[in-house]
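Peer 1: What follows is upload.txt; its format and atoms are compact mmCIF, C-alpha atoms.
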```txt
# COMPACT_ATOMS: atom_id res chain seq x y z
CA MET X 200 -28.98 3.47 -5.82
CA PRO X 201 -27.82 0.11 -7.17
CA PHE X 202 -30.01 -2.87 -6.50
CA ARG X 203 -28.49 -5.35 -4.03
CA SER X 204 -31.30 -7.75 -3.05
CA PRO X 205 -30.93 -11.39 -4.22
CA ILE X 206 -31.32 -12.12 -7.93
CA LYS X 207 -34.57 -14.03 -8.59
CA HIS X 208 -34.65 -14.24 -12.40
CA CYS X 209 -32.09 -14.67 -15.20
CA ARG X 210 -31.15 -11.41 -16.94
CA ASN X 211 -30.75 -13.28 -20.20
CA CYS X 212 -33.90 -15.45 -20.45
CA GLY X 213 -36.10 -14.52 -17.45
CA SER X 214 -36.20 -18.03 -15.89
CA ALA X 215 -36.02 -18.41 -12.10
CA VAL X 216 -32.36 -18.79 -10.98
CA VAL X 217 -30.86 -21.00 -8.28
CA TYR X 218 -27.94 -20.02 -6.05
CA ARG X 219 -25.19 -22.66 -6.25
CA VAL X 220 -21.44 -23.05 -6.85
CA PRO X 221 -20.93 -23.23 -10.65
CA ASP X 222 -19.13 -26.29 -12.12
CA ASP X 223 -16.31 -24.23 -13.67
CA GLY X 224 -13.85 -24.31 -10.75
CA ASP X 225 -15.50 -21.40 -8.93
CA THR X 226 -15.66 -21.61 -5.13
CA ARG X 227 -18.57 -19.22 -4.44
CA GLU X 228 -22.31 -19.50 -4.82
CA ARG X 229 -23.67 -17.53 -7.78
CA ALA X 230 -27.16 -17.09 -9.20
CA VAL X 231 -27.14 -19.71 -11.99
CA CYS X 232 -29.88 -20.07 -14.63
CA PRO X 233 -31.03 -23.71 -14.99
CA ALA X 234 -32.55 -22.91 -18.42
CA CYS X 235 -29.76 -21.06 -20.30
CA ALA X 236 -26.78 -21.66 -17.91
CA THR X 237 -26.01 -17.94 -17.49
CA ILE X 238 -23.96 -17.29 -14.33
CA HIS X 239 -24.76 -13.97 -12.62
CA TYR X 240 -21.85 -12.36 -10.75
CA GLU X 241 -22.33 -9.70 -8.06
CA ASN X 242 -19.33 -7.57 -7.12
CA PRO X 243 -18.49 -4.51 -5.02
CA LEU X 244 -19.36 -1.04 -6.35
CA ASN X 245 -17.21 2.07 -6.32
CA VAL X 246 -18.31 5.37 -4.81
CA VAL X 247 -16.18 8.27 -6.05
CA GLY X 248 -15.98 11.79 -4.62
CA THR X 249 -13.82 14.72 -3.61
CA VAL X 250 -12.54 16.72 -0.64
CA PRO X 251 -13.07 20.22 -2.10
CA TYR X 252 -10.97 22.76 -0.14
CA LEU X 253 -10.38 26.51 -0.16
CA GLY X 254 -7.60 27.68 2.14
CA GLU X 255 -8.37 26.22 5.57
CA GLN X 256 -11.96 25.37 4.67
CA VAL X 257 -13.61 22.24 3.25
CA LEU X 258 -16.88 22.10 1.30
CA LEU X 259 -19.68 19.90 2.65
CA CYS X 260 -23.13 19.23 1.17
CA LYS X 261 -26.30 18.76 3.22
CA ARG X 262 -28.08 15.74 1.75
CA ASN X 263 -31.55 16.14 0.23
CA ILE X 264 -31.87 12.38 -0.41
CA GLU X 265 -32.01 9.18 1.61
CA PRO X 266 -30.08 7.54 3.15
CA ALA X 267 -28.92 10.10 5.74
CA TRP X 268 -31.28 12.92 4.63
CA GLY X 269 -30.28 16.22 6.26
CA LYS X 270 -26.77 15.01 7.21
CA TRP X 271 -23.56 16.52 5.82
CA THR X 272 -21.36 14.74 3.29
CA LEU X 273 -18.49 15.25 0.89
CA PRO X 274 -19.74 15.27 -2.73
CA ALA X 275 -19.67 11.61 -3.89
CA GLY X 276 -21.73 9.00 -5.69
CA PHE X 277 -21.65 5.72 -7.59
CA MET X 278 -19.07 5.50 -10.37
CA GLU X 279 -20.75 4.98 -13.76
CA LEU X 280 -19.74 2.97 -16.82
CA ASN X 281 -17.76 4.91 -19.46
CA GLU X 282 -15.93 7.13 -17.00
CA THR X 283 -12.64 7.01 -15.08
CA ALA X 284 -12.56 7.25 -11.27
CA THR X 285 -11.31 10.84 -11.57
CA GLU X 286 -14.06 11.77 -14.05
CA GLY X 287 -16.71 10.23 -11.79
CA ALA X 288 -15.48 12.18 -8.75
CA GLN X 289 -15.47 15.36 -10.84
CA ARG X 290 -19.00 14.68 -12.14
CA GLU X 291 -20.40 14.08 -8.65
CA THR X 292 -18.79 17.31 -7.38
CA ASP X 293 -20.39 19.20 -10.29
CA GLU X 294 -23.79 17.61 -9.70
CA GLU X 295 -23.99 17.84 -5.91
CA ALA X 296 -22.17 21.14 -5.22
CA GLY X 297 -22.07 23.03 -8.53
CA ALA X 298 -18.55 24.09 -7.55
CA GLN X 299 -15.67 25.50 -9.65
CA PHE X 300 -12.57 23.42 -8.89
CA GLU X 301 -9.44 21.66 -10.10
CA MET X 302 -8.99 17.95 -9.43
CA GLU X 303 -5.89 16.94 -7.48
CA GLU X 304 -4.47 13.63 -6.20
CA LEU X 305 -6.24 10.53 -4.89
CA PHE X 306 -6.49 10.84 -1.10
CA THR X 307 -8.42 7.92 0.46
CA VAL X 308 -9.45 4.40 -0.64
CA LEU X 309 -11.90 2.92 1.86
CA SER X 310 -13.23 -0.65 1.57
CA VAL X 311 -16.65 -1.18 3.17
CA PRO X 312 -17.26 -4.94 2.78
CA ARG X 313 -20.44 -4.85 4.89
CA VAL X 314 -22.20 -3.02 2.04
CA GLY X 315 -19.97 -4.25 -0.82
CA GLN X 316 -18.46 -0.85 -1.65
CA VAL X 317 -15.09 0.84 -2.18
CA HIS X 318 -15.03 4.64 -1.68
CA LEU X 319 -12.35 6.70 -3.45
CA PHE X 320 -11.90 10.39 -2.54
CA PHE X 321 -9.66 12.83 -4.43
CA ARG X 322 -8.56 16.26 -3.19
CA ALA X 323 -10.01 19.14 -5.25
CA ARG X 324 -8.88 22.79 -5.06
CA LEU X 325 -11.86 25.16 -5.13
CA LEU X 326 -11.53 28.17 -7.46
CA SER X 327 -14.53 30.10 -6.13
CA GLU X 328 -16.73 30.41 -3.02
CA ARG X 329 -19.90 30.33 -5.09
CA PHE X 330 -21.78 27.02 -5.29
CA ASP X 331 -24.83 25.98 -7.27
CA PRO X 332 -25.93 22.66 -5.75
CA GLY X 333 -28.24 20.26 -7.61
CA HIS X 334 -31.47 18.66 -6.41
CA GLU X 335 -29.67 16.08 -4.22
CA THR X 336 -28.26 18.85 -1.98
CA ILE X 337 -30.13 21.17 0.42
CA GLU X 338 -27.11 23.44 1.02
CA ALA X 339 -23.40 23.51 0.12
CA ARG X 340 -21.14 25.32 2.62
CA LEU X 341 -17.50 25.81 3.60
CA PHE X 342 -16.34 24.70 7.07
CA THR X 343 -13.07 25.11 8.95
CA GLU X 344 -11.94 22.06 10.95
CA GLN X 345 -13.43 23.62 14.14
CA GLN X 346 -16.76 24.22 12.42
CA ILE X 347 -17.24 20.69 10.99
CA PRO X 348 -20.52 19.20 12.33
CA TRP X 349 -18.82 15.93 13.34
CA GLU X 350 -22.00 14.53 14.93
CA GLU X 351 -23.98 15.13 11.74
CA ILE X 352 -21.69 13.58 9.13
CA ALA X 353 -23.64 11.22 6.86
CA PHE X 354 -21.17 8.33 6.46
CA ARG X 355 -18.16 6.91 8.26
CA THR X 356 -16.08 6.98 5.04
CA VAL X 357 -16.67 10.76 4.90
CA ARG X 358 -15.74 11.24 8.58
CA GLU X 359 -12.54 9.17 8.22
CA THR X 360 -11.58 11.06 5.05
CA LEU X 361 -12.13 14.46 6.72
CA GLN X 362 -10.11 13.42 9.79
CA ARG X 363 -7.18 12.26 7.60
CA TYR X 364 -7.41 15.45 5.54
CA PHE X 365 -7.03 17.78 8.52
CA GLU X 366 -4.27 15.58 10.06
CA ASP X 367 -2.25 15.56 6.83
CA ARG X 368 -2.81 19.30 6.35
CA ARG X 369 -1.36 19.99 9.81
CA GLN X 370 1.67 17.85 8.93
CA GLY X 371 2.14 19.77 5.68
CA ARG X 372 2.02 16.72 3.38
CA PHE X 373 -0.74 14.59 1.91
CA ARG X 374 -0.42 10.86 1.32
CA VAL X 375 -2.84 8.21 0.06
CA HIS X 376 -4.68 6.42 2.88
CA ILE X 377 -5.95 2.84 2.44
CA LEU X 378 -8.60 2.14 5.07
CA ASP X 379 -10.98 -0.71 5.85
CA ILE X 380 -14.32 0.12 7.45
CA LEU X 381 -15.30 -3.15 9.16
CA MET N 181 -15.87 -13.37 -15.62
CA PRO N 182 -18.77 -11.00 -14.86
CA PHE N 183 -21.51 -10.76 -17.45
CA ARG N 184 -21.56 -7.45 -19.34
CA SER N 185 -23.95 -7.98 -22.27
CA PRO N 186 -27.22 -5.96 -22.18
CA ILE N 187 -29.84 -6.93 -19.62
CA LYS N 188 -32.87 -8.51 -21.28
CA HIS N 189 -35.02 -9.56 -18.31
CA CYS N 190 -35.84 -8.15 -14.87
CA ARG N 191 -33.88 -9.79 -12.03
CA ASN N 192 -36.86 -9.36 -9.74
CA CYS N 193 -39.84 -10.63 -11.80
CA GLY N 194 -38.40 -11.98 -15.09
CA SER N 195 -40.33 -9.59 -17.39
CA ALA N 196 -38.60 -8.13 -20.46
CA VAL N 197 -36.93 -4.79 -19.58
CA VAL N 198 -36.66 -1.59 -21.62
CA TYR N 199 -33.66 0.73 -21.62
CA ARG N 200 -34.76 4.30 -20.80
CA VAL N 201 -33.95 7.23 -18.50
CA PRO N 202 -35.86 6.64 -15.23
CA ASP N 203 -38.29 9.32 -13.98
CA ASP N 204 -36.44 9.87 -10.69
CA GLY N 205 -34.08 12.65 -11.76
CA ASP N 206 -31.51 10.25 -13.26
CA THR N 207 -29.76 11.34 -16.47
CA ARG N 208 -28.69 7.95 -17.85
CA GLU N 209 -30.50 5.11 -19.56
CA ARG N 210 -31.03 2.09 -17.31
CA ALA N 211 -32.75 -1.25 -17.85
CA VAL N 212 -36.19 -0.54 -16.33
CA CYS N 213 -38.86 -3.20 -15.73
CA PRO N 214 -42.27 -2.11 -17.08
CA ALA N 215 -43.99 -4.73 -14.88
CA CYS N 216 -42.51 -4.18 -11.39
CA ALA N 217 -40.62 -0.86 -11.94
CA THR N 218 -37.24 -2.26 -10.82
CA ILE N 219 -34.34 -0.15 -12.11
CA HIS N 220 -31.20 -2.17 -12.94
CA TYR N 221 -27.91 -0.33 -12.49
CA GLU N 222 -24.64 -1.44 -14.13
CA ASN N 223 -21.41 -0.08 -12.74
CA PRO N 224 -17.65 -0.58 -13.12
CA LEU N 225 -15.99 -3.61 -11.51
CA ASN N 226 -12.77 -3.72 -9.52
CA VAL N 227 -9.89 -6.03 -10.37
CA VAL N 228 -7.49 -6.41 -7.43
CA GLY N 229 -3.98 -7.84 -7.49
CA THR N 230 -0.37 -7.57 -6.37
CA VAL N 231 3.17 -6.89 -7.53
CA PRO N 232 4.91 -9.73 -5.63
CA TYR N 233 8.66 -9.01 -5.40
CA LEU N 234 11.76 -10.71 -4.01
CA GLY N 235 14.90 -8.59 -4.11
CA GLU N 236 15.23 -7.35 -7.70
CA GLN N 237 12.75 -9.87 -9.07
CA VAL N 238 8.99 -9.76 -9.66
CA LEU N 239 6.64 -12.75 -9.81
CA LEU N 240 4.57 -13.24 -12.96
CA CYS N 241 1.98 -15.93 -13.73
CA LYS N 242 1.46 -17.52 -17.16
CA ARG N 243 -2.30 -17.57 -17.74
CA ASN N 244 -4.09 -20.90 -18.18
CA ILE N 245 -7.43 -19.17 -18.89
CA GLU N 246 -8.91 -16.87 -21.51
CA PRO N 247 -8.64 -14.02 -22.24
CA ALA N 248 -4.91 -13.86 -23.01
CA TRP N 249 -4.21 -17.59 -22.51
CA GLY N 250 -0.45 -18.26 -22.37
CA LYS N 251 0.44 -14.59 -21.69
CA TRP N 252 2.11 -13.39 -18.49
CA THR N 253 0.28 -11.40 -15.82
CA LEU N 254 0.54 -10.18 -12.26
CA PRO N 255 -1.77 -12.19 -9.97
CA ALA N 256 -5.14 -10.38 -10.04
CA GLY N 257 -8.87 -10.99 -10.38
CA PHE N 258 -12.32 -9.60 -9.74
CA MET N 259 -12.94 -8.28 -6.23
CA GLU N 260 -15.71 -10.24 -4.50
CA LEU N 261 -18.46 -9.20 -2.08
CA ASN N 262 -17.58 -9.54 1.62
CA GLU N 263 -13.90 -8.70 1.22
CA THR N 264 -11.75 -5.54 1.31
CA ALA N 265 -9.58 -4.53 -1.65
CA THR N 266 -6.50 -5.71 0.26
CA GLU N 267 -8.11 -9.06 1.12
CA GLY N 268 -9.14 -9.56 -2.51
CA ALA N 269 -5.61 -8.87 -3.78
CA GLN N 270 -4.25 -11.29 -1.17
CA ARG N 271 -6.78 -13.99 -2.13
CA GLU N 272 -5.97 -13.72 -5.85
CA THR N 273 -2.23 -13.97 -5.12
CA ASP N 274 -2.88 -17.10 -3.06
CA GLU N 275 -5.10 -18.65 -5.74
CA GLU N 276 -3.04 -17.84 -8.83
CA ALA N 277 0.52 -18.13 -7.52
CA GLY N 278 0.32 -20.09 -4.25
CA ALA N 279 2.98 -17.71 -2.93
CA GLN N 280 4.07 -16.90 0.65
CA PHE N 281 4.05 -13.11 1.02
CA GLU N 282 3.28 -10.05 3.12
CA MET N 283 0.94 -7.41 1.73
CA GLU N 284 2.34 -3.88 1.47
CA GLU N 285 1.02 -0.53 0.22
CA LEU N 286 -1.38 0.26 -2.63
CA PHE N 287 0.71 0.99 -5.71
CA THR N 288 -1.47 1.62 -8.82
CA VAL N 289 -5.12 2.52 -9.45
CA LEU N 290 -5.93 2.21 -13.17
CA SER N 291 -9.32 3.15 -14.63
CA VAL N 292 -10.20 1.28 -17.83
CA PRO N 293 -13.52 2.87 -18.91
CA ARG N 294 -13.58 0.96 -22.23
CA VAL N 295 -14.31 -2.25 -20.30
CA GLY N 296 -15.88 -0.66 -17.20
CA GLN N 297 -13.11 -1.68 -14.78
CA VAL N 298 -10.81 -0.21 -12.14
CA HIS N 299 -7.61 -2.19 -11.42
CA LEU N 300 -5.91 -1.82 -8.02
CA PHE N 301 -2.44 -3.31 -7.46
CA PHE N 302 -0.67 -3.54 -4.09
CA ARG N 303 3.01 -4.29 -3.54
CA ALA N 304 3.62 -7.66 -1.80
CA ARG N 305 6.94 -8.81 -0.35
CA LEU N 306 7.60 -12.49 -1.15
CA LEU N 307 8.83 -14.63 1.76
CA SER N 308 9.87 -17.67 -0.30
CA GLU N 309 10.87 -18.64 -3.85
CA ARG N 310 8.52 -21.62 -3.83
CA PHE N 311 5.16 -21.24 -5.58
CA ASP N 312 2.18 -23.53 -5.83
CA PRO N 313 0.00 -22.05 -8.58
CA GLY N 314 -3.68 -22.97 -8.96
CA HIS N 315 -5.53 -24.21 -12.05
CA GLU N 316 -5.70 -20.73 -13.63
CA THR N 317 -1.89 -20.57 -13.93
CA ILE N 318 0.42 -22.65 -16.18
CA GLU N 319 3.61 -21.46 -14.45
CA ALA N 320 4.63 -18.91 -11.79
CA ARG N 321 8.16 -17.50 -12.15
CA LEU N 322 10.43 -14.70 -10.93
CA PHE N 323 11.79 -12.18 -13.45
CA THR N 324 14.32 -9.35 -13.18
CA GLU N 325 13.45 -6.17 -15.09
CA GLN N 326 15.70 -7.28 -17.98
CA GLN N 327 14.02 -10.69 -18.13
CA ILE N 328 10.39 -9.45 -18.22
CA PRO N 329 8.69 -10.73 -21.42
CA TRP N 330 7.33 -7.25 -22.30
CA GLU N 331 5.85 -8.43 -25.62
CA GLU N 332 3.92 -11.21 -23.89
CA ILE N 333 2.28 -9.32 -21.03
CA ALA N 334 -1.45 -10.11 -20.88
CA PHE N 335 -2.93 -6.69 -20.11
CA ARG N 336 -1.95 -3.04 -20.43
CA THR N 337 -2.75 -2.41 -16.74
CA VAL N 338 -0.15 -5.07 -15.85
CA ARG N 339 2.48 -3.57 -18.20
CA GLU N 340 1.91 -0.02 -16.85
CA THR N 341 2.10 -1.29 -13.26
CA LEU N 342 5.36 -3.19 -13.92
CA GLN N 343 6.91 -0.14 -15.65
CA ARG N 344 6.01 2.14 -12.71
CA TYR N 345 7.30 -0.46 -10.26
CA PHE N 346 10.78 -0.64 -11.80
CA GLU N 347 10.93 3.18 -12.26
CA ASP N 348 10.03 3.81 -8.61
CA ARG N 349 12.43 1.10 -7.46
CA ARG N 350 15.31 2.81 -9.29
CA GLN N 351 14.35 6.11 -7.62
CA GLY N 352 14.32 4.43 -4.22
CA ARG N 353 10.77 5.46 -3.27
CA PHE N 354 7.33 4.12 -4.13
CA ARG N 355 4.28 6.34 -4.53
CA VAL N 356 0.67 5.63 -5.54
CA HIS N 357 0.06 6.04 -9.28
CA ILE N 358 -3.41 6.99 -10.60
CA LEU N 359 -3.60 6.12 -14.29
CA ASP N 360 -6.30 6.14 -16.96
CA ILE N 361 -6.10 3.55 -19.75
CA LEU N 362 -8.11 5.16 -22.56
```
Output the structure of this file as structure tokens.
Peer 2:
Amino acid sequence: MPFRSPIKHCRNCGSAVVYRVPDDGDTRERAVCPACATIHYENPLNVVGTVPYLGEQVLLCKRNIEPAWGKWTLPAGFMELNETATEGAQRETDEEAGAQFEMEELFTVLSVPRVGQVHLFFRARLLSERFDPGHETIEARLFTEQQIPWEEIAFRTVRETLQRYFEDRRQGRFRVHILDIL
Amino acid sequence: MPFRSPIKHCRNCGSAVVYRVPDDGDTRERAVCPACATIHYENPLNVVGTVPYLGEQVLLCKRNIEPAWGKWTLPAGFMELNETATEGAQRETDEEAGAQFEMEELFTVLSVPRVGQVHLFFRARLLSERFDPGHETIEARLFTEQQIPWEEIAFRTVRETLQRYFEDRRQGRFRVHILDIL
């Protein structure tokens, strides 16, 4: 889990930083090093994942980690350096569900400014009903829309993505949904 | 411009860090503090911007900052904390072009793993031909497809977005394009 508490020391020289607006035309406070002048920027992070489906069913994973231990989620996690958004979503689906699947189109882009995140979910067509979840998952299981444990979904971005998925499926066409979770 | 050189010191206590795989089940090397055990994660950044259009023309900005000083770009910049992707794209279009416009749909999502970035461009309908560019822009100008200075476009994500824009416009329908710049 990325570290989001205030920066206390300079990553370059270790001196204590001060939060102030830099003198370079910037308009926001940044952690600035008074010793070596390094400016430390903090920006939103991407969470990338999939909606893995097989016929009428969608795959959910029961979380074995905090936050939201024991709740159900779509496979997703923080995008890493040296990967594309699609590769990250694929990697997280491998790691958390151990599923066989083919990546499809981008489906939802959800901004969550309260926590400084953007969540991107792609559709993924499952090729098998067998799953081999990793240590972050208690259980990986297929659910029809009627079976989804709506009251035990881990995150609002997952709930919104699932709702849009079943709506679009009923209408027979999928589009990309841009949503803000305020 | 966010800082992407290696982390040397812990943001929490200022001690020198070491790069190693943490003992928590992680599989990647992170900057770990031997003194206070803080793990420092580094993740891709989002660049958010717009394709501002008026009839057959698109607005480009001539850059007054490095990198790519003097080259033409679509208005775009790093997404900040406490804003949505749409708000960030709107803010950058205000700052760099001083344009009057209405935000429209997401248009391109481009992963650039070589620099650890994801670029998101939205279409934006211009409401006026008058622009009031900020200090990061030498000149803001409208171009038809034939007038676009293709050899002087600042970034490949901008060129790919412009190409897709004019292709989709000819076909009379816009869709969301997911592209990897490798």
Peer 1: Name the residues, using the chain letters and numbers of the file, that sit within 9 Å of (-2.4, -8.1, -4.2) when counting all atoms listed in the file, and give them as a list in words.
Peer 2: Val228, Gly229, Thr230, Val231, Pro232, Leu254, Pro255, Ala256, Ala265, Thr266, Glu267, Gly268, Ala269, Gln270, Arg271, Glu272, Thr273, Met283, Glu284, Leu286, Leu300, Phe301, Phe302, Arg303 and Ala304 of chain N
Peer 1: Just checking: using all atoms listed in the file, which residue out of X:Ile264, X:Ala339, X:Val314, X:Cys235 ends up closest to chain N?
Peer 2: X:Val314
Peer 1: Onto chain N, please fit chain X by least squares using all C-alpha atoms in order, then return the transformed chain as a compact mmCIF listing (two decimals) with C-alpha atoms, in the frame of the given file.
Peer 2:
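Writing the result to selection28.txt gives the following:
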```txt
# COMPACT_ATOMS: atom_id res chain seq x y z
CA MET X 200 -15.93 -13.43 -15.61
CA PRO X 201 -18.77 -11.01 -14.89
CA PHE X 202 -21.54 -10.79 -17.41
CA ARG X 203 -21.60 -7.50 -19.33
CA SER X 204 -24.01 -8.00 -22.26
CA PRO X 205 -27.27 -5.97 -22.17
CA ILE X 206 -29.89 -6.92 -19.58
CA LYS X 207 -32.93 -8.51 -21.27
CA HIS X 208 -35.08 -9.54 -18.29
CA CYS X 209 -35.88 -8.13 -14.84
CA ARG X 210 -33.92 -9.78 -12.01
CA ASN X 211 -36.88 -9.34 -9.71
CA CYS X 212 -39.87 -10.59 -11.75
CA GLY X 213 -38.45 -11.95 -15.04
CA SER X 214 -40.38 -9.57 -17.36
CA ALA X 215 -38.65 -8.13 -20.44
CA VAL X 216 -36.98 -4.77 -19.57
CA VAL X 217 -36.72 -1.58 -21.61
CA TYR X 218 -33.70 0.74 -21.62
CA ARG X 219 -34.79 4.31 -20.80
CA VAL X 220 -33.98 7.24 -18.50
CA PRO X 221 -35.88 6.64 -15.22
CA ASP X 222 -38.30 9.35 -13.98
CA ASP X 223 -36.44 9.90 -10.68
CA GLY X 224 -34.07 12.67 -11.80
CA ASP X 225 -31.52 10.26 -13.28
CA THR X 226 -29.79 11.35 -16.50
CA ARG X 227 -28.70 7.94 -17.87
CA GLU X 228 -30.53 5.12 -19.57
CA ARG X 229 -31.06 2.10 -17.31
CA ALA X 230 -32.78 -1.24 -17.84
CA VAL X 231 -36.22 -0.53 -16.32
CA CYS X 232 -38.90 -3.18 -15.71
CA PRO X 233 -42.32 -2.09 -17.05
CA ALA X 234 -44.05 -4.70 -14.83
CA CYS X 235 -42.53 -4.15 -11.35
CA ALA X 236 -40.63 -0.83 -11.92
CA THR X 237 -37.26 -2.25 -10.79
CA ILE X 238 -34.36 -0.14 -12.10
CA HIS X 239 -31.23 -2.16 -12.94
CA TYR X 240 -27.92 -0.31 -12.49
CA GLU X 241 -24.68 -1.43 -14.15
CA ASN X 242 -21.42 -0.07 -12.76
CA PRO X 243 -17.67 -0.58 -13.14
CA LEU X 244 -16.01 -3.61 -11.52
CA ASN X 245 -12.79 -3.73 -9.55
CA VAL X 246 -9.90 -6.03 -10.39
CA VAL X 247 -7.50 -6.41 -7.46
CA GLY X 248 -3.98 -7.86 -7.50
CA THR X 249 -0.39 -7.59 -6.36
CA VAL X 250 3.17 -6.90 -7.53
CA PRO X 251 4.90 -9.72 -5.62
CA TYR X 252 8.66 -9.00 -5.40
CA LEU X 253 11.76 -10.70 -4.00
CA GLY X 254 14.90 -8.57 -4.09
CA GLU X 255 15.25 -7.34 -7.68
CA GLN X 256 12.77 -9.88 -9.04
CA VAL X 257 9.00 -9.76 -9.64
CA LEU X 258 6.65 -12.75 -9.79
CA LEU X 259 4.59 -13.26 -12.96
CA CYS X 260 2.00 -15.95 -13.73
CA LYS X 261 1.49 -17.53 -17.15
CA ARG X 262 -2.26 -17.59 -17.75
CA ASN X 263 -4.06 -20.92 -18.19
CA ILE X 264 -7.40 -19.20 -18.92
CA GLU X 265 -8.87 -16.90 -21.54
CA PRO X 266 -8.60 -14.03 -22.26
CA ALA X 267 -4.86 -13.86 -23.02
CA TRP X 268 -4.16 -17.61 -22.53
CA GLY X 269 -0.41 -18.26 -22.39
CA LYS X 270 0.49 -14.60 -21.69
CA TRP X 271 2.15 -13.39 -18.48
CA THR X 272 0.32 -11.41 -15.82
CA LEU X 273 0.56 -10.19 -12.25
CA PRO X 274 -1.76 -12.20 -9.97
CA ALA X 275 -5.14 -10.38 -10.04
CA GLY X 276 -8.86 -10.99 -10.40
CA PHE X 277 -12.33 -9.60 -9.76
CA MET X 278 -12.95 -8.29 -6.25
CA GLU X 279 -15.73 -10.25 -4.53
CA LEU X 280 -18.47 -9.20 -2.11
CA ASN X 281 -17.58 -9.55 1.60
CA GLU X 282 -13.92 -8.71 1.19
CA THR X 283 -11.77 -5.56 1.30
CA ALA X 284 -9.59 -4.54 -1.67
CA THR X 285 -6.51 -5.72 0.25
CA GLU X 286 -8.12 -9.08 1.10
CA GLY X 287 -9.15 -9.59 -2.53
CA ALA X 288 -5.62 -8.88 -3.80
CA GLN X 289 -4.25 -11.30 -1.19
CA ARG X 290 -6.78 -13.99 -2.15
CA GLU X 291 -5.97 -13.72 -5.87
CA THR X 292 -2.23 -13.97 -5.14
CA ASP X 293 -2.88 -17.11 -3.07
CA GLU X 294 -5.09 -18.65 -5.75
CA GLU X 295 -3.04 -17.85 -8.85
CA ALA X 296 0.54 -18.14 -7.53
CA GLY X 297 0.33 -20.09 -4.26
CA ALA X 298 2.99 -17.71 -2.93
CA GLN X 299 4.08 -16.91 0.65
CA PHE X 300 4.05 -13.12 1.04
CA GLU X 301 3.27 -10.05 3.12
CA MET X 302 0.93 -7.39 1.75
CA GLU X 303 2.34 -3.87 1.48
CA GLU X 304 0.99 -0.52 0.23
CA LEU X 305 -1.39 0.27 -2.63
CA PHE X 306 0.71 0.98 -5.73
CA THR X 307 -1.47 1.62 -8.82
CA VAL X 308 -5.13 2.53 -9.47
CA LEU X 309 -5.91 2.21 -13.18
CA SER X 310 -9.31 3.15 -14.65
CA VAL X 311 -10.19 1.28 -17.86
CA PRO X 312 -13.51 2.85 -18.93
CA ARG X 313 -13.56 0.96 -22.25
CA VAL X 314 -14.29 -2.25 -20.33
CA GLY X 315 -15.87 -0.66 -17.22
CA GLN X 316 -13.11 -1.68 -14.80
CA VAL X 317 -10.80 -0.21 -12.15
CA HIS X 318 -7.60 -2.20 -11.44
CA LEU X 319 -5.91 -1.82 -8.04
CA PHE X 320 -2.43 -3.33 -7.48
CA PHE X 321 -0.68 -3.54 -4.10
CA ARG X 322 3.01 -4.31 -3.55
CA ALA X 323 3.61 -7.66 -1.81
CA ARG X 324 6.94 -8.82 -0.34
CA LEU X 325 7.60 -12.49 -1.14
CA LEU X 326 8.84 -14.63 1.78
CA SER X 327 9.86 -17.66 -0.29
CA GLU X 328 10.87 -18.63 -3.84
CA ARG X 329 8.54 -21.61 -3.83
CA PHE X 330 5.18 -21.22 -5.58
CA ASP X 331 2.20 -23.54 -5.85
CA PRO X 332 0.01 -22.05 -8.60
CA GLY X 333 -3.67 -22.98 -8.97
CA HIS X 334 -5.51 -24.21 -12.07
CA GLU X 335 -5.68 -20.72 -13.65
CA THR X 336 -1.86 -20.58 -13.94
CA ILE X 337 0.45 -22.65 -16.17
CA GLU X 338 3.65 -21.46 -14.45
CA ALA X 339 4.65 -18.91 -11.79
CA ARG X 340 8.19 -17.49 -12.13
CA LEU X 341 10.45 -14.69 -10.91
CA PHE X 342 11.82 -12.17 -13.43
CA THR X 343 14.35 -9.35 -13.15
CA GLU X 344 13.46 -6.16 -15.05
CA GLN X 345 15.74 -7.29 -17.95
CA GLN X 346 14.05 -10.68 -18.11
CA ILE X 347 10.42 -9.44 -18.21
CA PRO X 348 8.72 -10.72 -21.41
CA TRP X 349 7.37 -7.26 -22.29
CA GLU X 350 5.91 -8.44 -25.61
CA GLU X 351 3.97 -11.22 -23.88
CA ILE X 352 2.31 -9.33 -21.04
CA ALA X 353 -1.42 -10.12 -20.88
CA PHE X 354 -2.91 -6.69 -20.12
CA ARG X 355 -1.93 -3.05 -20.43
CA THR X 356 -2.74 -2.41 -16.73
CA VAL X 357 -0.13 -5.07 -15.84
CA ARG X 358 2.49 -3.57 -18.20
CA GLU X 359 1.93 -0.03 -16.85
CA THR X 360 2.11 -1.29 -13.26
CA LEU X 361 5.37 -3.18 -13.91
CA GLN X 362 6.92 -0.15 -15.65
CA ARG X 363 6.02 2.14 -12.70
CA TYR X 364 7.32 -0.45 -10.25
CA PHE X 365 10.79 -0.64 -11.79
CA GLU X 366 10.94 3.18 -12.24
CA ASP X 367 10.03 3.82 -8.60
CA ARG X 368 12.44 1.11 -7.43
CA ARG X 369 15.31 2.82 -9.28
CA GLN X 370 14.36 6.12 -7.62
CA GLY X 371 14.34 4.45 -4.20
CA ARG X 372 10.77 5.44 -3.28
CA PHE X 373 7.32 4.12 -4.12
CA ARG X 374 4.28 6.33 -4.55
CA VAL X 375 0.67 5.63 -5.54
CA HIS X 376 0.05 6.05 -9.28
CA ILE X 377 -3.41 6.99 -10.60
CA LEU X 378 -3.60 6.11 -14.29
CA ASP X 379 -6.29 6.14 -16.97
CA ILE X 380 -6.10 3.56 -19.74
CA LEU X 381 -8.11 5.16 -22.56
```
Peer 1: Mind pulling up the distance from atom CA of X:Phe354 to atom CA of N:Val356?
Peer 2: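 According to the coordinates, atom CA of N:Val356 and atom CA of X:Phe354 are separated by 25.1 Å.
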